[in-house]
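What follows is one structure encoded as structure tokens, with my remarks underneath.
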2 protein chains.
Amino acid sequence: MEFIEGGSVLTPNGFRVGSSSCGLKRSEGADDIAILTGDSELSGAGVFTRNAFAAAPVLWCRSVLPTDSLRAIVVNSGNANACTGAQGMENAGRMAKIAAELSGCKAEQVAVASTGIIGRPLPMDRVTEGIKEAYATLASENTAARKAEKAILTTDTRPKSCAARLECTGGSVSIGAMAKGSGMIAPDMATMLAFITTDISAGARALKDILSYCAGETFNRISVDGDTSTNDSVFLAASGKSGISLEDPGVRDKFIDAIYRITRELAMQIVADGEGATRVIRVHACGCGNKAEAVKVARAISNSSLVKCAAYGADPNWGRIVCAAGYSGAKFDPEDVDLFLGKVRVVQKGLPTGYDASEEMQKERIEIKICLGAGDGQATFWTCDMSERYVQINAS
Amino acid sequence: MEFIEGGSVLTPNGFRVGSSSCGLKRSEGADDIAILTGDSELSGAGVFTRNAFAAAPVLWCRSVLPTDSLRAIVVNSGNANACTGAQGMENAGRMAKIAAELSGCKAEQVAVASTGIIGRPLPMDRVTEGIKEAYATLASENTAARKAEKAILTTDTRPKSCAARLECTGGSVSIGAMAKGSGMIAPDMATMLAFITTDISAGARALKDILSYCAGETFNRISVDGDTSTNDSVFLAASGKSGISLEDPGVRDKFIDAIYRITRELAMQIVADGEGATRVIRVHACGCGNKAEAVKVARAISNSSLVKCAAYGADPNWGRIVCAAGYSGAKFDPEDVDLFLGKVRVVQKGLPTGYDASEEMQKERIEIKICLGAGDGQATFWTCDMSERYVQINAS
């Protein structure tokens with residue numbers, strides 16, 4: 001596959017996008033409603049937060065997805081419709097119903113996503129108007145997608161999107177994507193939403209499996225299993241307009257790889273836009289007893305406030321990294337541990353080498369690699385550094 | 001029991017303390033060696049870090065404690081003797097041996113604790129001189145304890161100590177304590193060391209059980225199980241000089257309660273001295289399925305950077321608190337959850353009440369209470385807020 005410069009969720013055929021402003025966001029006049037529709041029925045699947053306080057739109061989507069007759073996804077920013085009880089459930093259903101009427105389908109053929117403040121009822125009068133206005137702007141030009149990319153943002157400092165093309169025997173498949181999310185530098189994060197479109201022909205169940213796998217390896221490697229917010233949602237919708245089927249010979253593996261790379265790209269964009277972030281950190285744990293152990297180690301290092309602060313200060317503080325590995329719960333012998341910062345081996349067989357890794361810590365992208373010498377398990381996490389700005393953003 | 005204003009580790013009979021400077025700390029001339037000895041053999045027990053990278057002094061202590069013939073504990077600050085391999089083990093043993101020669105006992109009768117920078121060999125010439133000099137200052141006056149309380153500090157902004165008296169039939173038992181530790185506002189913390197003395201008569205095994213229980217309910221409720229640094233150590237030493245035995249009728253329960261309150265007091269002092277901390281936060285989870293579930297919930301809330309930042313900004317952001325409970329892994333129905341900030345019920349049956357808790361968040365000590373309505377399990381954690389100063393301290 002190859003990434004398409006300037007592509008969007010409208011790069012694949014068979015989709016239209018609209019957006020509007022209904023006054024949910026603090027910044028006056030900013031768009032806060034986005035609609036993604038299929039020209040005809042779509043296969044659609046979603047992966048959602050595991051938070052016990054899952055928001056109303058998540059509960060709605062869990063009840064309607066996966067489906068082979070998806071017509072639209074309605075999104076609002078500025079209000080999460082979370083911790084809103086029975087009224088919240090009713091409002092999520094009403095959002096779907098309004099969109100369904102405009103699409104000429106059933107409410108069950110519409111998915112809903114919300115992000116923003118928790119615990120406030122949605123002002124349904126305004127939301128209803130907003131959805132109608134967004135429908136009036138539906139278009140298949142890239143400019144419509146660019147507008148929608150902004151409409152879904154909250155504390156993000158920039159839109160996040162990418163697109164790719166996959167050459168297959170008999171034609172090509174396109175994939176487009178947009179996402180929001182920025183407060184993810186801590187184990188508890190602001191909501192992450194991602195919308196992926198494709199013109200492959202595939203069943204919703206198959207899409208769900210592929211999306212679950214890829215989200216697990218990418219979004220869950222930044223947001224950490226189980227540490228998801230009330231609203232986190234990732235959607236994958238397929239129009240079938242390319243004429244290429246997931247079942248065609250040789251297509252499935254290519255398509256899975258492409259979705260993996262698309263989700264990884266979005267995950268990286270989200271990490272890079274972490275609140276107050278100045279550097280991206282890649283944490284690779286290898287030589288672990290098994291994959292679960294590797295995940296523990298990489299997660300503990302990625303979640304360590306001390307490691308993140310050291311990265312902000314460009315401090316090659318390997319002690320904090322091995323300490324985090326030490327309390328991760330993974331089993332290993334300290335005397336077998338090697339640690340690299342970039343290309344510099346700072347710990348060998350559990351002992352400091354004395355090599356200076358200061359330069360590696362001054363890079364915009366820091367590479368941490370720890371090898372436990374306990375097996376073949378490996379895992380990669382991405383995180384970012386922690387600055388005073390993070391505290392300022394979250395204290396105010 | 002009652003706390004004794006101005007008491008110290010020398011409040012109980014049968015102990016002497018000394019300290020000296022051997023140049024391990026950055027601040028020139030500051031004391032960095034402390035010695036605690038018994039006038040005769042002590043019962044001694046310790047509770048230690050579960051970090052896989054346990055430091056050499058921890059490994060030494062695990063091999064010699066508990067013991068009914070403890071004579072001394074040697075402590076140095078400025079160098080953790082962690083990630084120092086075989087040489088580190090030899091040095092920990094040599095520290096014990098030097099002290100043993102001065103005490104006229106075997107090395108196995110001496111416990112060792114270190115705190116400071118990781119991965120640097122101890123300069124044993126200077127440490128040897130330092131231990132000798134500290135021995136020359138051994139005294140049983142409170143001023144000696146005050147000096148030792150400073151000698152064990154690293155990034156702490158103030159010494160931490162307390163003492164208490166326990167009236168029993170036939171006399172009274174005294175307990176004294178000192179501790180260090182300040183970087184504990186994140187799940188990964190600077191080293192925590194605590195030394196508790198008492199003149200009760202008790203076997204080392206019994207002391208170990210009591211200390212394990214109390215540390216689990218206090219120090220592990222701030223530092224979080226398994227998230228301990230390479231060097232964390234808590235010691236309890238008993239001289240027997242009070243003439244009161246743990247086995248005397250009615251003494252055991254009183255003594256356990258006293259040690260619990262002493263360790264809780266030290267834990268609170270450590271939290272209050274958290275790096276950059278401006279407020280202490282008490283997190284009480286109740287109505288949980290069982291105690292383990294309550295620990296999960298209280299820990300998730302205590303470790304949340306977003307909750308800590310909100311506390312710093314005096315922001316009654318209940319959404320972040322229920323979100324942390326939601327991803328803690330505990331099982332409950334959101335519709336049964338109540339949340340209190342101080343005396344104000346901000347969430348009832350999973351829905352915001354709309355009551356204003358701003359005043360509660362402006363207090364020096366913030367009380368968070370969450371009730372899941374899922375059972376009888378409860379647990380309390382203590383943490384502190386997160387300020388820009390935390391990042392500054394840990395980035396430089």
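Going through the structure tokens in order, the chains are called A, B, and so on, while each chain numbers its residues from 1 and the ligands are numbered from 1 in the order shown.
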Least-squares fit of chain B onto chain A (C-alpha, ordered pairing) as a CSV table (one decimal) with C-alpha atoms, in the first residue's frame:
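The result, stored in out.csv:
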```csv
chain,number,residue,atom,x,y,z
B,1,MET,CA,0.0,0.0,0.1
B,2,GLU,CA,1.1,3.6,-0.3
B,3,PHE,CA,-0.1,6.6,1.7
B,4,ILE,CA,-1.9,9.3,-0.4
B,5,GLU,CA,-0.7,12.8,0.3
B,6,GLY,CA,-3.7,15.0,1.0
B,7,GLY,CA,-6.2,12.1,1.1
B,8,SER,CA,-9.2,12.0,3.4
B,9,VAL,CA,-12.2,9.9,4.4
B,10,LEU,CA,-13.5,10.9,1.0
B,11,THR,CA,-10.7,9.3,-0.9
B,12,PRO,CA,-12.6,5.9,-1.1
B,13,ASN,CA,-15.6,6.0,-3.4
B,14,GLY,CA,-19.1,5.9,-2.1
B,15,PHE,CA,-19.0,8.4,0.8
B,16,ARG,CA,-20.2,11.9,1.5
B,17,VAL,CA,-19.4,14.1,4.4
B,18,GLY,CA,-21.1,17.2,5.9
B,19,SER,CA,-20.7,19.4,8.9
B,20,SER,CA,-22.2,22.4,10.8
B,21,SER,CA,-22.2,24.5,13.9
B,22,CYS,CA,-24.9,24.3,16.5
B,23,GLY,CA,-23.2,26.0,19.4
B,24,LEU,CA,-22.0,23.0,21.5
B,25,LYS,CA,-18.4,24.2,21.6
B,26,ARG,CA,-17.0,27.1,23.7
B,27,SER,CA,-15.4,28.6,20.6
B,28,GLU,CA,-18.2,30.5,19.0
B,29,GLY,CA,-19.2,29.5,15.5
B,30,ALA,CA,-16.9,26.5,15.4
B,31,ASP,CA,-18.3,23.4,13.7
B,32,ASP,CA,-19.4,20.8,16.1
B,33,ILE,CA,-21.5,18.4,14.1
B,34,ALA,CA,-20.2,16.1,11.4
B,35,ILE,CA,-22.0,13.5,9.3
B,36,LEU,CA,-20.5,10.7,7.3
B,37,THR,CA,-22.9,8.9,5.0
B,38,GLY,CA,-22.7,6.1,2.4
B,39,ASP,CA,-24.2,6.7,-1.1
B,40,SER,CA,-25.8,3.3,-0.5
B,41,GLU,CA,-25.7,0.8,2.4
B,42,LEU,CA,-22.3,0.2,4.0
B,43,SER,CA,-20.7,-2.6,6.0
B,44,GLY,CA,-19.9,-1.0,9.3
B,45,ALA,CA,-18.1,-2.1,12.5
B,46,GLY,CA,-16.8,-0.4,15.6
B,47,VAL,CA,-14.5,-0.9,18.5
B,48,PHE,CA,-15.4,0.8,21.7
B,49,THR,CA,-14.2,1.8,25.2
B,50,ARG,CA,-14.1,-0.8,28.0
B,51,ASN,CA,-14.8,1.9,30.6
B,52,ALA,CA,-17.7,0.9,32.9
B,53,PHE,CA,-19.1,4.4,32.5
B,54,ALA,CA,-19.5,3.9,28.7
B,55,ALA,CA,-21.3,6.9,27.3
B,56,ALA,CA,-24.8,6.7,25.7
B,57,PRO,CA,-23.6,6.9,22.1
B,58,VAL,CA,-21.2,4.0,22.8
B,59,LEU,CA,-24.1,1.9,24.2
B,60,TRP,CA,-26.2,2.9,21.1
B,61,CYS,CA,-23.4,1.8,18.7
B,62,ARG,CA,-22.8,-1.5,20.6
B,63,SER,CA,-26.5,-2.3,20.0
B,64,VAL,CA,-26.5,-1.5,16.2
B,65,LEU,CA,-23.0,-2.5,15.1
B,66,PRO,CA,-21.6,-4.5,13.3
B,67,THR,CA,-24.2,-4.2,10.5
B,68,ASP,CA,-24.2,-4.7,6.7
B,69,SER,CA,-26.8,-2.0,6.3
B,70,LEU,CA,-25.1,1.1,7.8
B,71,ARG,CA,-26.1,4.4,6.2
B,72,ALA,CA,-24.6,7.1,8.4
B,73,ILE,CA,-22.4,8.1,11.3
B,74,VAL,CA,-23.4,11.2,13.2
B,75,VAL,CA,-20.8,12.9,15.4
B,76,ASN,CA,-20.9,15.8,17.8
B,77,SER,CA,-18.1,17.5,19.7
B,78,GLY,CA,-18.4,19.8,22.7
B,79,ASN,CA,-20.6,17.4,24.7
B,80,ALA,CA,-19.9,13.7,25.5
B,81,ASN,CA,-23.4,12.7,26.3
B,82,ALA,CA,-21.7,10.6,29.1
B,83,CYS,CA,-23.1,10.1,32.7
B,84,THR,CA,-26.4,11.4,31.4
B,85,GLY,CA,-28.6,8.4,32.3
B,86,ALA,CA,-31.8,7.4,30.6
B,87,GLN,CA,-32.2,10.9,29.1
B,88,GLY,CA,-28.7,10.4,27.5
B,89,MET,CA,-29.7,7.1,26.0
B,90,GLU,CA,-32.9,8.7,24.6
B,91,ASN,CA,-30.9,11.6,23.1
B,92,ALA,CA,-28.3,9.2,21.4
B,93,GLY,CA,-31.3,7.4,19.9
B,94,ARG,CA,-32.8,10.6,18.8
B,95,MET,CA,-29.6,11.7,17.1
B,96,ALA,CA,-29.7,8.5,15.1
B,97,LYS,CA,-33.4,8.9,14.3
B,98,ILE,CA,-33.0,12.4,13.0
B,99,ALA,CA,-30.2,11.3,10.7
B,100,ALA,CA,-32.2,8.2,9.7
B,101,GLU,CA,-35.1,10.4,8.6
B,102,LEU,CA,-32.8,12.5,6.5
B,103,SER,CA,-31.1,9.4,5.0
B,104,GLY,CA,-34.4,7.6,4.5
B,105,CYS,CA,-33.5,4.6,6.6
B,106,LYS,CA,-34.1,3.2,10.1
B,107,ALA,CA,-32.5,4.6,13.2
B,108,GLU,CA,-30.7,1.3,13.7
B,109,GLN,CA,-28.8,2.0,10.4
B,110,VAL,CA,-27.1,5.1,12.0
B,111,ALA,CA,-24.1,5.1,14.4
B,112,VAL,CA,-23.5,7.9,16.8
B,113,ALA,CA,-20.3,9.3,18.4
B,114,SER,CA,-20.0,12.2,20.9
B,115,THR,CA,-17.0,13.9,22.6
B,116,GLY,CA,-16.7,16.8,25.0
B,117,ILE,CA,-17.8,17.6,28.5
B,118,ILE,CA,-19.2,14.9,30.7
B,119,GLY,CA,-22.5,15.0,32.6
B,120,ARG,CA,-24.5,17.6,30.7
B,121,PRO,CA,-27.6,16.8,28.8
B,122,LEU,CA,-27.4,17.5,25.0
B,123,PRO,CA,-29.5,20.5,24.0
B,124,MET,CA,-31.5,18.5,21.5
B,125,ASP,CA,-33.2,21.4,19.8
B,126,ARG,CA,-29.9,22.8,18.6
B,127,VAL,CA,-28.5,19.3,17.9
B,128,THR,CA,-31.5,18.6,15.7
B,129,GLU,CA,-31.0,21.8,13.7
B,130,GLY,CA,-27.3,21.1,13.5
B,131,ILE,CA,-27.8,17.6,12.1
B,132,LYS,CA,-30.2,19.0,9.5
B,133,GLU,CA,-27.8,21.7,8.5
B,134,ALA,CA,-24.9,19.2,8.3
B,135,TYR,CA,-27.0,17.0,6.0
B,136,ALA,CA,-27.6,20.1,3.7
B,137,THR,CA,-23.8,20.4,3.2
B,138,LEU,CA,-23.1,16.7,2.3
B,139,ALA,CA,-20.5,16.5,-0.4
B,140,SER,CA,-17.8,14.1,-1.7
B,141,GLU,CA,-15.1,16.7,-2.3
B,142,ASN,CA,-12.0,16.8,-0.1
B,143,THR,CA,-12.9,20.3,1.2
B,144,ALA,CA,-16.0,18.7,3.0
B,145,ALA,CA,-13.7,16.2,4.7
B,146,ARG,CA,-11.3,18.9,5.8
B,147,LYS,CA,-14.2,20.8,7.4
B,148,ALA,CA,-15.5,17.6,9.2
B,149,GLU,CA,-11.9,16.8,10.5
B,150,LYS,CA,-12.1,20.1,12.4
B,151,ALA,CA,-15.7,19.7,13.5
B,152,ILE,CA,-14.8,16.5,15.5
B,153,LEU,CA,-11.9,18.2,17.5
B,154,THR,CA,-12.0,19.3,21.1
B,155,THR,CA,-8.7,20.1,22.8
B,156,ASP,CA,-6.7,18.9,19.8
B,157,THR,CA,-4.3,21.5,18.4
B,158,ARG,CA,-4.6,20.1,14.8
B,159,PRO,CA,-6.8,17.8,12.6
B,160,LYS,CA,-5.6,14.2,12.1
B,161,SER,CA,-6.2,12.3,8.9
B,162,CYS,CA,-4.5,10.1,6.4
B,163,ALA,CA,-5.4,7.9,3.4
B,164,ALA,CA,-3.8,5.1,1.4
B,165,ARG,CA,-4.2,3.1,-1.8
B,166,LEU,CA,-3.8,-0.6,-2.1
B,167,GLU,CA,-3.0,-2.2,-5.5
B,168,CYS,CA,-4.7,-5.5,-6.0
B,169,THR,CA,-5.2,-7.8,-8.9
B,170,GLY,CA,-8.0,-6.3,-10.9
B,171,GLY,CA,-8.0,-2.8,-9.4
B,172,SER,CA,-7.2,-0.8,-6.3
B,173,VAL,CA,-8.7,-0.3,-2.9
B,174,SER,CA,-8.7,3.0,-1.1
B,175,ILE,CA,-8.8,3.7,2.6
B,176,GLY,CA,-9.3,7.1,4.3
B,177,ALA,CA,-9.4,8.1,7.9
B,178,MET,CA,-9.8,11.0,10.3
B,179,ALA,CA,-9.4,11.1,14.1
B,180,LYS,CA,-9.5,13.3,17.2
B,181,GLY,CA,-7.8,12.9,20.6
B,182,SER,CA,-5.0,14.7,22.3
B,183,GLY,CA,-5.1,14.2,26.1
B,184,MET,CA,-3.6,10.8,25.9
B,185,ILE,CA,-0.2,11.2,27.4
B,186,ALA,CA,-1.5,9.9,30.7
B,187,PRO,CA,-3.1,6.5,31.3
B,188,ASP,CA,-6.4,8.3,31.5
B,189,MET,CA,-7.1,10.3,28.4
B,190,ALA,CA,-9.5,12.5,26.6
B,191,THR,CA,-11.8,10.8,24.2
B,192,MET,CA,-10.3,9.3,21.1
B,193,LEU,CA,-12.6,9.0,18.0
B,194,ALA,CA,-11.5,7.6,14.7
B,195,PHE,CA,-13.4,7.1,11.5
B,196,ILE,CA,-12.0,4.9,8.7
B,197,THR,CA,-13.6,4.5,5.3
B,198,THR,CA,-12.8,2.1,2.5
B,199,ASP,CA,-14.3,1.1,-0.8
B,200,ILE,CA,-13.5,-2.6,-0.4
B,201,SER,CA,-16.3,-5.1,-0.4
B,202,ALA,CA,-16.4,-6.9,2.9
B,203,GLY,CA,-18.9,-8.2,5.5
B,204,ALA,CA,-19.4,-6.2,8.7
B,205,ARG,CA,-18.2,-9.2,10.9
B,206,ALA,CA,-15.0,-9.5,9.0
B,207,LEU,CA,-14.4,-5.7,9.3
B,208,LYS,CA,-15.0,-6.0,13.0
B,209,ASP,CA,-12.4,-8.7,13.4
B,210,ILE,CA,-9.8,-6.7,11.4
B,211,LEU,CA,-10.6,-3.5,13.3
B,212,SER,CA,-10.4,-5.2,16.7
B,213,TYR,CA,-7.0,-6.6,15.9
B,214,CYS,CA,-5.5,-3.4,14.5
B,215,ALA,CA,-6.9,-1.2,17.2
B,216,GLY,CA,-5.5,-3.6,19.8
B,217,GLU,CA,-2.0,-3.2,18.2
B,218,THR,CA,-2.1,0.6,17.7
B,219,PHE,CA,-4.7,2.6,19.6
B,220,ASN,CA,-4.5,0.4,22.6
B,221,ARG,CA,-0.8,0.7,22.6
B,222,ILE,CA,-1.1,4.4,23.2
B,223,SER,CA,-4.3,4.5,25.2
B,224,VAL,CA,-3.5,1.4,27.2
B,225,ASP,CA,-6.0,-1.5,27.5
B,226,GLY,CA,-8.8,-0.7,29.9
B,227,ASP,CA,-7.7,2.8,30.4
B,228,THR,CA,-10.1,4.2,27.9
B,229,SER,CA,-12.4,7.2,28.4
B,230,THR,CA,-16.1,7.0,28.5
B,231,ASN,CA,-16.5,7.7,24.8
B,232,ASP,CA,-13.6,6.2,22.9
B,233,SER,CA,-14.8,4.8,19.6
B,234,VAL,CA,-13.2,3.6,16.3
B,235,PHE,CA,-15.3,3.0,13.2
B,236,LEU,CA,-14.6,1.2,10.0
B,237,ALA,CA,-17.1,1.5,7.1
B,238,ALA,CA,-16.9,-0.2,3.7
B,239,SER,CA,-18.8,0.9,0.6
B,240,GLY,CA,-17.8,-2.0,-1.8
B,241,LYS,CA,-17.5,0.6,-4.6
B,242,SER,CA,-13.9,-0.5,-5.6
B,243,GLY,CA,-15.2,-3.8,-7.0
B,244,ILE,CA,-12.5,-5.6,-5.0
B,245,SER,CA,-13.6,-8.0,-2.3
B,246,LEU,CA,-11.9,-8.9,0.9
B,247,GLU,CA,-12.4,-12.5,-0.2
B,248,ASP,CA,-10.5,-12.1,-3.5
B,249,PRO,CA,-7.2,-14.0,-3.6
B,250,GLY,CA,-4.3,-12.2,-1.8
B,251,VAL,CA,-6.5,-9.2,-0.7
B,252,ARG,CA,-7.1,-10.0,2.9
B,253,ASP,CA,-3.5,-9.9,4.2
B,254,LYS,CA,-2.8,-6.7,2.2
B,255,PHE,CA,-6.0,-5.1,3.6
B,256,ILE,CA,-5.2,-6.1,7.2
B,257,ASP,CA,-1.7,-4.7,6.8
B,258,ALA,CA,-3.1,-1.5,5.4
B,259,ILE,CA,-5.7,-1.0,8.2
B,260,TYR,CA,-2.9,-1.7,10.7
B,261,ARG,CA,-0.7,1.0,9.1
B,262,ILE,CA,-3.6,3.5,8.9
B,263,THR,CA,-4.5,3.0,12.5
B,264,ARG,CA,-0.9,3.2,13.6
B,265,GLU,CA,-0.5,6.5,11.6
B,266,LEU,CA,-3.6,8.0,13.4
B,267,ALA,CA,-2.3,6.8,16.7
B,268,MET,CA,1.1,8.5,16.1
B,269,GLN,CA,-0.7,11.7,15.1
B,270,ILE,CA,-2.7,11.6,18.3
B,271,VAL,CA,0.4,11.0,20.5
B,272,ALA,CA,2.3,13.8,18.8
B,273,ASP,CA,-0.6,16.1,19.6
B,274,GLY,CA,-0.6,15.0,23.3
B,275,GLU,CA,-1.4,17.9,25.7
B,276,GLY,CA,1.7,19.9,26.1
B,277,ALA,CA,3.8,17.3,24.3
B,278,THR,CA,7.1,18.2,22.7
B,279,ARG,CA,8.5,14.7,21.8
B,280,VAL,CA,7.1,11.4,20.8
B,281,ILE,CA,8.6,8.3,22.6
B,282,ARG,CA,8.6,4.8,21.1
B,283,VAL,CA,8.9,2.1,23.7
B,284,HIS,CA,9.8,-1.4,22.4
B,285,ALA,CA,10.1,-4.2,24.9
B,286,CYS,CA,11.6,-7.5,23.6
B,287,GLY,CA,13.1,-10.7,24.9
B,288,CYS,CA,10.1,-11.0,27.3
B,289,GLY,CA,8.7,-14.2,28.6
B,290,ASN,CA,5.7,-13.8,26.3
B,291,LYS,CA,3.7,-11.1,24.6
B,292,ALA,CA,1.6,-10.3,27.7
B,293,GLU,CA,4.7,-9.7,29.7
B,294,ALA,CA,6.1,-7.5,26.9
B,295,VAL,CA,2.9,-5.4,27.0
B,296,LYS,CA,3.3,-5.0,30.8
B,297,VAL,CA,6.8,-3.8,30.5
B,298,ALA,CA,6.2,-1.4,27.6
B,299,ARG,CA,3.1,-0.1,29.3
B,300,ALA,CA,4.7,0.6,32.6
B,301,ILE,CA,7.5,2.5,30.9
B,302,SER,CA,5.1,4.4,28.7
B,303,ASN,CA,2.9,5.4,31.7
B,304,SER,CA,5.7,6.5,33.9
B,305,SER,CA,5.4,10.2,34.7
B,306,LEU,CA,9.0,10.1,35.7
B,307,VAL,CA,10.1,8.7,32.4
B,308,LYS,CA,7.9,11.3,30.6
B,309,CYS,CA,9.4,14.2,32.6
B,310,ALA,CA,12.9,12.9,31.9
B,311,ALA,CA,12.1,12.8,28.2
B,312,TYR,CA,10.9,16.4,28.4
B,313,GLY,CA,14.1,17.4,30.0
B,314,ALA,CA,16.1,15.4,27.5
B,315,ASP,CA,17.6,13.5,30.5
B,316,PRO,CA,19.0,10.0,29.6
B,317,ASN,CA,17.7,8.8,33.0
B,318,TRP,CA,17.9,5.0,32.4
B,319,GLY,CA,17.4,4.3,36.1
B,320,ARG,CA,13.7,5.4,35.8
B,321,ILE,CA,13.2,3.1,32.8
B,322,VAL,CA,14.6,0.0,34.4
B,323,CYS,CA,12.8,0.9,37.6
B,324,ALA,CA,9.5,1.0,35.7
B,325,ALA,CA,10.3,-2.4,34.1
B,326,GLY,CA,11.1,-3.7,37.6
B,327,TYR,CA,7.6,-2.9,38.9
B,328,SER,CA,5.7,-3.8,35.8
B,329,GLY,CA,5.1,-7.3,37.2
B,330,ALA,CA,6.9,-9.0,34.3
B,331,LYS,CA,9.3,-11.8,35.3
B,332,PHE,CA,12.9,-11.5,34.5
B,333,ASP,CA,16.4,-11.6,35.9
B,334,PRO,CA,17.9,-8.1,36.2
B,335,GLU,CA,21.3,-9.5,35.2
B,336,ASP,CA,20.0,-10.3,31.7
B,337,VAL,CA,18.6,-6.8,30.9
B,338,ASP,CA,19.9,-4.6,28.1
B,339,LEU,CA,18.6,-1.1,27.5
B,340,PHE,CA,19.0,1.1,24.5
B,341,LEU,CA,18.3,4.8,24.1
B,342,GLY,CA,18.3,5.2,20.3
B,343,LYS,CA,21.4,3.5,19.2
B,344,VAL,CA,23.2,3.8,22.5
B,345,ARG,CA,23.3,0.8,24.8
B,346,VAL,CA,23.1,2.4,28.2
B,347,VAL,CA,22.6,-0.8,30.2
B,348,GLN,CA,24.2,-4.2,29.5
B,349,LYS,CA,23.5,-7.3,31.5
B,350,GLY,CA,21.8,-5.1,34.2
B,351,LEU,CA,24.7,-2.8,34.6
B,352,PRO,CA,25.2,0.8,33.3
B,353,THR,CA,27.7,0.9,30.4
B,354,GLY,CA,28.5,4.5,31.0
B,355,TYR,CA,27.9,5.5,27.3
B,356,ASP,CA,26.4,8.9,26.9
B,357,ALA,CA,22.9,9.0,25.4
B,358,SER,CA,22.2,12.7,25.8
B,359,GLU,CA,22.0,13.3,22.0
B,360,GLU,CA,19.4,10.5,21.6
B,361,MET,CA,17.2,12.2,24.2
B,362,GLN,CA,17.3,15.5,22.3
B,363,LYS,CA,15.6,14.1,19.3
B,364,GLU,CA,12.0,14.8,18.4
B,365,ARG,CA,11.3,11.1,18.4
B,366,ILE,CA,13.0,9.2,21.3
B,367,GLU,CA,13.5,5.4,20.9
B,368,ILE,CA,13.6,3.3,24.1
B,369,LYS,CA,14.3,-0.4,23.6
B,370,ILE,CA,14.5,-2.8,26.5
B,371,CYS,CA,15.5,-6.5,26.2
B,372,LEU,CA,14.8,-8.7,29.1
B,373,GLY,CA,16.6,-11.8,28.0
B,374,ALA,CA,13.6,-13.9,29.2
B,375,GLY,CA,12.0,-15.2,26.0
B,376,ASP,CA,10.6,-14.1,22.6
B,377,GLY,CA,7.7,-11.8,23.6
B,378,GLN,CA,7.7,-8.3,22.3
B,379,ALA,CA,5.4,-5.3,22.2
B,380,THR,CA,5.6,-1.6,21.1
B,381,PHE,CA,4.0,1.4,22.8
B,382,TRP,CA,4.0,5.0,21.9
B,383,THR,CA,3.7,7.9,24.3
B,384,CYS,CA,4.9,11.5,24.6
B,385,ASP,CA,6.8,13.6,27.1
B,386,MET,CA,5.2,15.5,30.0
B,387,SER,CA,5.7,19.2,30.2
B,388,GLU,CA,4.5,22.0,32.6
B,389,ARG,CA,2.0,22.7,29.8
B,390,TYR,CA,0.3,19.4,30.5
B,391,VAL,CA,-0.4,20.4,34.1
B,392,GLN,CA,-1.5,23.9,33.0
B,393,ILE,CA,-4.0,22.5,30.5
B,394,ASN,CA,-5.4,20.0,32.9
B,395,ALA,CA,-5.5,22.2,36.0
B,396,SER,CA,-7.5,25.0,34.4
```
* Asked: How would you write, as an NGL selection string, the set of residues in region 166-342 of chain A that DSSP gives as helix (DSSP H, G or I)?
  -> :A and (204-217 or 219-221 or 251-272 or 291-303 or 305-312 or 318-327 or 334-336)
* **DSSP-assigned strand (DSSP E) among region 225-341 of chain A, expressed as a count of residues only** => 19
